[in-house]
Amino acid sequence: MSKSHFKELKRYKNGNRSGILKTRRGPVKTPFFMPCASRGSVKGLQPSQIIDSGTQVLLANAYHLHLQPGEKVIKKLGGLHTFSGWQGPILTDSGGFQVFSLAKARKVTEEGVYFKNLASGGEVLITPEESMQIQFDLGSDIIMAFDDVTGLSPTGRTRSKEAMERTHRWLVRCITEFKKLTKNSFKGRTLKGVKGTTLRNKPLLFGIVQGGLDKNLRKKSLEFVQSQEVDGIAIGGLAVGETRKEMYDMLNFLAPFYDPARARYLMGVGEPADMRYAIERGIDIFDCVLPTRNGRHGQVWITGDKRLNLNNLKYANDRGPIDSKCDCHTCKTGYSRAFLRHLYKVGDPLAGSLATTHNLRYLARLCEEYQQT
RNA sequence: GCUGGGGUAGUGAAGCGGUCAAACACUGCAGACUGUAAAUCUGCCGGCUUCGGCCUUCGUAGGUUCGAAUCCUACCCCCAGCA
């Protein structure tokens with residue numbers, strides 16, 4: 001970390017702030033939401049459509065891209081931006097979340113995590129160092145530390161301390177490897193592919209706070225991560241089975257302790273009400289599968305953070321748009337709820353694309369309400 | 001017209017004397033989804049229900065039997081082959 005890559009433009013009384021995160025692919029207004037493009041694409045959408053939604057940054061996944069098609073292939077083909085056609089900033093997740101989501105098929109050791117490749121049956125070891133290498137090869141603009149994520153369902157809260165401590169040890173290893181990988185990345189050098197712009201060629205590195213639902217652990221973890229050479233602070237290990245109240249309590253608790261000079265990223269959260277709550281407690285960045293997955297499954301948000309299931313029979317004759325107050329491409333074009341329902345019923349993937357477009361716009365607009373203009 | 005095969009819930013399709021309101025699949029209806037093993041998964045899907053059951057169904061009409069979607073008879077349709 002040379003100097004701060006985050007500029008706070010305005011801080012409001014109730015805790016939220018707006019700012020600019022400077023990435024090597026350009027500045028990004030905060031708060032912002034990143035859709036998941038785990039395997040390189042936001043399912044069903046082209047980059048132009050993603051841009052239209054007001055989306056600034058995508059999230060891709062080191063684990064999934066490592067398995068298929070492999071970071072070496074992507075690197076050879078010019079990096080993930082060239083490969084996928086998305087020229088904006090990309091944040092890559094480290095594979096840490098898969099320690100949780102693929103818990104049935106993995107073994108955690110101090111060295112790293114052994115994952116069973118559920119497609120091929122083989123075993124893959126991801127270490128903190130390898131995660132850094134994968135993300136670096138992909139051409140990530142914001143690299144996430146490799147962490148140990150545990151669930152917080154009522155019966156699965158026993159590993160928080162161990163996971164936090166390992167996450168800290170791994171963070172130190174991540175930083176060492178990150179420095180090694182980026183020692184030839186220069187400030188002020190023009191990045192290939194971004195014409196006419198002079199940007200730093202070095203990606204950012206974010207550390208991740210763990211600690212489960214234990215406030216002492218969380219505070220310790222936050223202090224540890226903030227003591228390290230990281231460009232941003234991520235809150236990990238929330239929205240993984242705990243109650244909404246428990247998550248809110250933690251966000252409230254942590255709010256006073258953040259370093260104002262660094263961006264704060266609440267990982268995995270994307271329910272509008274949760275985002276508002278978090279933004280008002282100082283969070284700048286979000287990602288979540290909800291707008292994309294729910295969109296494919298027929299659920300969309302409408303004004304008031306309410307959900308609507310477009311598969312429902314009651315929309316069969318509804319000639320109105322998803323949300324008459326919405327300025328997304330789907331609503332503005334005039335696609336009716338009836339037509340969208342029909343597309344879901346006949347299994348046309350256009351339904352998912354149109355709904356995803358709407359949902360992404362909904363979250364982007366939510367963030368824009370808080371951004372300094 | 002003859003010979004053979006067949007008609008089962010919205011569709012396809014099991015069942016071939018009792019444990020059948022009837023497997024399974026699809027469709028239909030509803031729900032879930034928070035750093036994507038997810039265009040996936042779960043529930044319901046004859047009618048009524050105080051959720052314990054009750055009632056009406058397996059082409060139609062009769063019959064055999066304690067008991068039939070399952071056996072017999074007649075009839076009505078469909079399909080294949082022969083005329």
# chains A, B, ... in the order shown; residues from 1 in each chain; ligands from 1
call {"tool": "interface_residues", "arguments": {"of": "chain B", "to": "chain A", "cutoff": "12 Å", "atoms": "only C-alpha atoms (C1' of nucleotides)", "output": "PyMOL selection string"}}
result
chain B and resi 27-41
call {"tool": "residues_around", "arguments": {"residues": "His66 in chain A", "least_positions_apart": "6", "cutoff": "12 Å", "atoms": "only C-alpha atoms (C1' of nucleotides)", "output": "list in words"}}
result
Ser38, Arg39, Gly40, Ala60, Lys72, Val73, Ile74, Lys75, Leu80, Thr92, Asp93, Ser94, Gly95, Phe115, Asn117, Val124, Leu125, Ile126, Glu130, Ser131, Met132, Gln133, Ile134, Gln135, Phe136, Asp137 and Leu138 of chain A
call {"tool": "write_last_selection", "arguments": {"atoms": "N, CA and C atoms", "output": "PDB file, in the first residue's frame"}}
result
ATOM      1  N   SER A  38     -18.847 -14.924 -11.803  1.00  0.00           N
ATOM      2  CA  SER A  38     -17.906 -15.895 -11.234  1.00  0.00           C
ATOM      3  C   SER A  38     -17.081 -16.592 -12.288  1.00  0.00           C
ATOM      4  N   ARG A  39     -17.748 -17.000 -13.354  1.00  0.00           N
ATOM      5  CA  ARG A  39     -17.045 -17.743 -14.404  1.00  0.00           C
ATOM      6  C   ARG A  39     -16.699 -16.833 -15.579  1.00  0.00           C
ATOM      7  N   GLY A  40     -16.756 -15.539 -15.345  1.00  0.00           N
ATOM      8  CA  GLY A  40     -16.306 -14.608 -16.377  1.00  0.00           C
ATOM      9  C   GLY A  40     -17.413 -13.818 -17.038  1.00  0.00           C
ATOM     10  N   ALA A  60     -15.329 -11.544 -10.372  1.00  0.00           N
ATOM     11  CA  ALA A  60     -15.079 -12.859 -10.962  1.00  0.00           C
ATOM     12  C   ALA A  60     -14.441 -13.735  -9.895  1.00  0.00           C
ATOM     13  N   LYS A  72      -4.107 -19.788 -16.826  1.00  0.00           N
ATOM     14  CA  LYS A  72      -3.024 -19.710 -17.808  1.00  0.00           C
ATOM     15  C   LYS A  72      -3.600 -19.482 -19.212  1.00  0.00           C
ATOM     16  N   VAL A  73      -4.701 -20.155 -19.476  1.00  0.00           N
ATOM     17  CA  VAL A  73      -5.372 -19.973 -20.772  1.00  0.00           C
ATOM     18  C   VAL A  73      -5.838 -18.534 -20.908  1.00  0.00           C
ATOM     19  N   ILE A  74      -6.462 -18.038 -19.864  1.00  0.00           N
ATOM     20  CA  ILE A  74      -6.990 -16.674 -19.909  1.00  0.00           C
ATOM     21  C   ILE A  74      -5.854 -15.661 -20.064  1.00  0.00           C
ATOM     22  N   LYS A  75      -4.761 -15.922 -19.351  1.00  0.00           N
ATOM     23  CA  LYS A  75      -3.610 -15.017 -19.446  1.00  0.00           C
ATOM     24  C   LYS A  75      -3.068 -14.990 -20.876  1.00  0.00           C
ATOM     25  N   LEU A  80      -8.453 -11.527 -18.419  1.00  0.00           N
ATOM     26  CA  LEU A  80      -9.899 -11.687 -18.298  1.00  0.00           C
ATOM     27  C   LEU A  80     -10.687 -10.566 -18.984  1.00  0.00           C
ATOM     28  N   THR A  92     -11.621  -9.820  -8.168  1.00  0.00           N
ATOM     29  CA  THR A  92     -11.713 -11.278  -8.152  1.00  0.00           C
ATOM     30  C   THR A  92     -11.802 -11.782  -6.729  1.00  0.00           C
ATOM     31  N   ASP A  93     -12.714 -12.712  -6.529  1.00  0.00           N
ATOM     32  CA  ASP A  93     -12.767 -13.375  -5.239  1.00  0.00           C
ATOM     33  C   ASP A  93     -11.701 -14.450  -5.237  1.00  0.00           C
ATOM     34  N   SER A  94     -11.188 -14.724  -4.050  1.00  0.00           N
ATOM     35  CA  SER A  94      -9.983 -15.542  -3.920  1.00  0.00           C
ATOM     36  C   SER A  94     -10.223 -17.038  -3.972  1.00  0.00           C
ATOM     37  N   GLY A  95     -11.490 -17.444  -3.791  1.00  0.00           N
ATOM     38  CA  GLY A  95     -11.776 -18.868  -3.604  1.00  0.00           C
ATOM     39  C   GLY A  95     -12.091 -19.149  -2.143  1.00  0.00           C
ATOM     40  N   PHE A 115      -9.544 -28.915  -2.461  1.00  0.00           N
ATOM     41  CA  PHE A 115     -10.911 -28.991  -2.969  1.00  0.00           C
ATOM     42  C   PHE A 115     -11.044 -30.218  -3.848  1.00  0.00           C
ATOM     43  N   ASN A 117     -12.605 -31.497  -6.980  1.00  0.00           N
ATOM     44  CA  ASN A 117     -13.227 -30.965  -8.188  1.00  0.00           C
ATOM     45  C   ASN A 117     -14.460 -31.803  -8.501  1.00  0.00           C
ATOM     46  N   VAL A 124      -7.807 -30.439  -6.046  1.00  0.00           N
ATOM     47  CA  VAL A 124      -6.980 -29.259  -6.301  1.00  0.00           C
ATOM     48  C   VAL A 124      -6.641 -28.591  -4.976  1.00  0.00           C
ATOM     49  N   LEU A 125      -5.394 -28.218  -4.839  1.00  0.00           N
ATOM     50  CA  LEU A 125      -4.948 -27.495  -3.647  1.00  0.00           C
ATOM     51  C   LEU A 125      -4.861 -26.014  -3.987  1.00  0.00           C
ATOM     52  N   ILE A 126      -5.560 -25.195  -3.215  1.00  0.00           N
ATOM     53  CA  ILE A 126      -5.422 -23.741  -3.360  1.00  0.00           C
ATOM     54  C   ILE A 126      -4.768 -23.213  -2.090  1.00  0.00           C
ATOM     55  N   GLU A 130      -1.111 -19.426  -4.189  1.00  0.00           N
ATOM     56  CA  GLU A 130      -1.675 -19.784  -5.483  1.00  0.00           C
ATOM     57  C   GLU A 130      -2.874 -18.902  -5.819  1.00  0.00           C
ATOM     58  N   SER A 131      -3.674 -18.581  -4.821  1.00  0.00           N
ATOM     59  CA  SER A 131      -4.818 -17.717  -5.065  1.00  0.00           C
ATOM     60  C   SER A 131      -4.361 -16.359  -5.595  1.00  0.00           C
ATOM     61  N   MET A 132      -3.274 -15.840  -5.014  1.00  0.00           N
ATOM     62  CA  MET A 132      -2.726 -14.565  -5.500  1.00  0.00           C
ATOM     63  C   MET A 132      -2.268 -14.700  -6.951  1.00  0.00           C
ATOM     64  N   GLN A 133      -1.590 -15.821  -7.240  1.00  0.00           N
ATOM     65  CA  GLN A 133      -1.078 -16.032  -8.602  1.00  0.00           C
ATOM     66  C   GLN A 133      -2.214 -16.140  -9.610  1.00  0.00           C
ATOM     67  N   ILE A 134      -3.244 -16.851  -9.219  1.00  0.00           N
ATOM     68  CA  ILE A 134      -4.383 -17.014 -10.128  1.00  0.00           C
ATOM     69  C   ILE A 134      -5.003 -15.650 -10.426  1.00  0.00           C
ATOM     70  N   GLN A 135      -5.265 -14.899  -9.373  1.00  0.00           N
ATOM     71  CA  GLN A 135      -5.923 -13.600  -9.551  1.00  0.00           C
ATOM     72  C   GLN A 135      -5.033 -12.647 -10.353  1.00  0.00           C
ATOM     73  N   PHE A 136      -3.737 -12.735 -10.104  1.00  0.00           N
ATOM     74  CA  PHE A 136      -2.794 -11.886 -10.840  1.00  0.00           C
ATOM     75  C   PHE A 136      -2.798 -12.261 -12.321  1.00  0.00           C
ATOM     76  N   ASP A 137      -2.762 -13.546 -12.599  1.00  0.00           N
ATOM     77  CA  ASP A 137      -2.770 -14.011 -13.993  1.00  0.00           C
ATOM     78  C   ASP A 137      -4.074 -13.654 -14.709  1.00  0.00           C
ATOM     79  N   LEU A 138      -5.144 -13.662 -13.975  1.00  0.00           N
ATOM     80  CA  LEU A 138      -6.418 -13.305 -14.592  1.00  0.00           C
ATOM     81  C   LEU A 138      -6.439 -11.841 -15.019  1.00  0.00           C
TER      82      LEU A 138
END
call {"tool": "atom_distance", "arguments": {"atom1": "CA of Asn216 in chain A", "atom2": "CA of Pro272 in chain A"}}
result
28.0 Å
call {"tool": "residues_around", "arguments": {"residues": "C16 in chain B", "least_positions_apart": "4", "cutoff": "12 Å", "atoms": "only C-alpha atoms (C1' of nucleotides)", "output": "JSON, numbers by chain"}}
result
{"B": [8, 58, 68, 69, 70, 71]}
call {"tool": "write_last_selection", "arguments": {"atoms": "N, CA and C atoms (P, O5', C5', C4', C3', O3' and C1' of nucleotides)", "output": "short mmCIF file (atom, residue, chain, number, x, y, z; two decimals), in the first residue's frame"}}
result
data_model
loop_
_atom_site.label_atom_id
_atom_site.label_comp_id
_atom_site.auth_asym_id
_atom_site.auth_seq_id
_atom_site.Cartn_x
_atom_site.Cartn_y
_atom_site.Cartn_z
P U B 8 -55.93 -43.58 -21.65
"O5'" U B 8 -56.08 -44.24 -20.22
"C5'" U B 8 -57.26 -44.05 -19.46
"C4'" U B 8 -56.94 -44.13 -18.00
"C3'" U B 8 -56.03 -43.03 -17.47
"O3'" U B 8 -56.79 -41.87 -17.13
"C1'" U B 8 -55.24 -45.12 -16.71
P C B 58 -63.57 -45.38 -13.71
"O5'" C B 58 -62.09 -45.45 -14.27
"C5'" C B 58 -61.66 -44.54 -15.30
"C4'" C B 58 -60.27 -44.94 -15.72
"C3'" C B 58 -60.20 -46.39 -16.21
"O3'" C B 58 -59.72 -46.37 -17.56
"C1'" C B 58 -58.58 -45.96 -14.49
P A B 68 -64.76 -54.79 -6.43
"O5'" A B 68 -63.28 -55.07 -6.98
"C5'" A B 68 -62.19 -54.23 -6.64
"C4'" A B 68 -61.40 -53.97 -7.91
"C3'" A B 68 -62.17 -53.07 -8.86
"O3'" A B 68 -61.32 -52.03 -9.29
"C1'" A B 68 -61.71 -55.18 -9.88
P A B 69 -61.20 -50.66 -9.25
"O5'" A B 69 -60.35 -50.19 -10.52
"C5'" A B 69 -60.99 -49.76 -11.70
"C4'" A B 69 -60.07 -49.94 -12.89
"C3'" A B 69 -59.73 -51.39 -13.20
"O3'" A B 69 -60.68 -51.91 -14.10
"C1'" A B 69 -57.74 -50.10 -13.05
P U B 70 -60.71 -53.52 -14.37
"O5'" U B 70 -59.32 -53.74 -15.10
"C5'" U B 70 -58.92 -55.03 -15.54
"C4'" U B 70 -57.56 -55.37 -14.99
"C3'" U B 70 -57.42 -56.84 -14.59
"O3'" U B 70 -56.53 -57.48 -15.50
"C1'" U B 70 -56.50 -55.35 -12.95
P C B 71 -57.15 -58.12 -16.87
"O5'" C B 71 -58.15 -59.25 -16.34
"C5'" C B 71 -57.68 -60.57 -16.08
"C4'" C B 71 -58.86 -61.49 -15.87
"C3'" C B 71 -59.98 -61.31 -16.89
"O3'" C B 71 -59.72 -62.05 -18.07
"C1'" C B 71 -60.91 -61.31 -14.72
#
call {"tool": "atom_distance", "arguments": {"atom1": "CA of Ala103 in chain A", "atom2": "CA of Lys116 in chain A"}}
result
10.0 Å
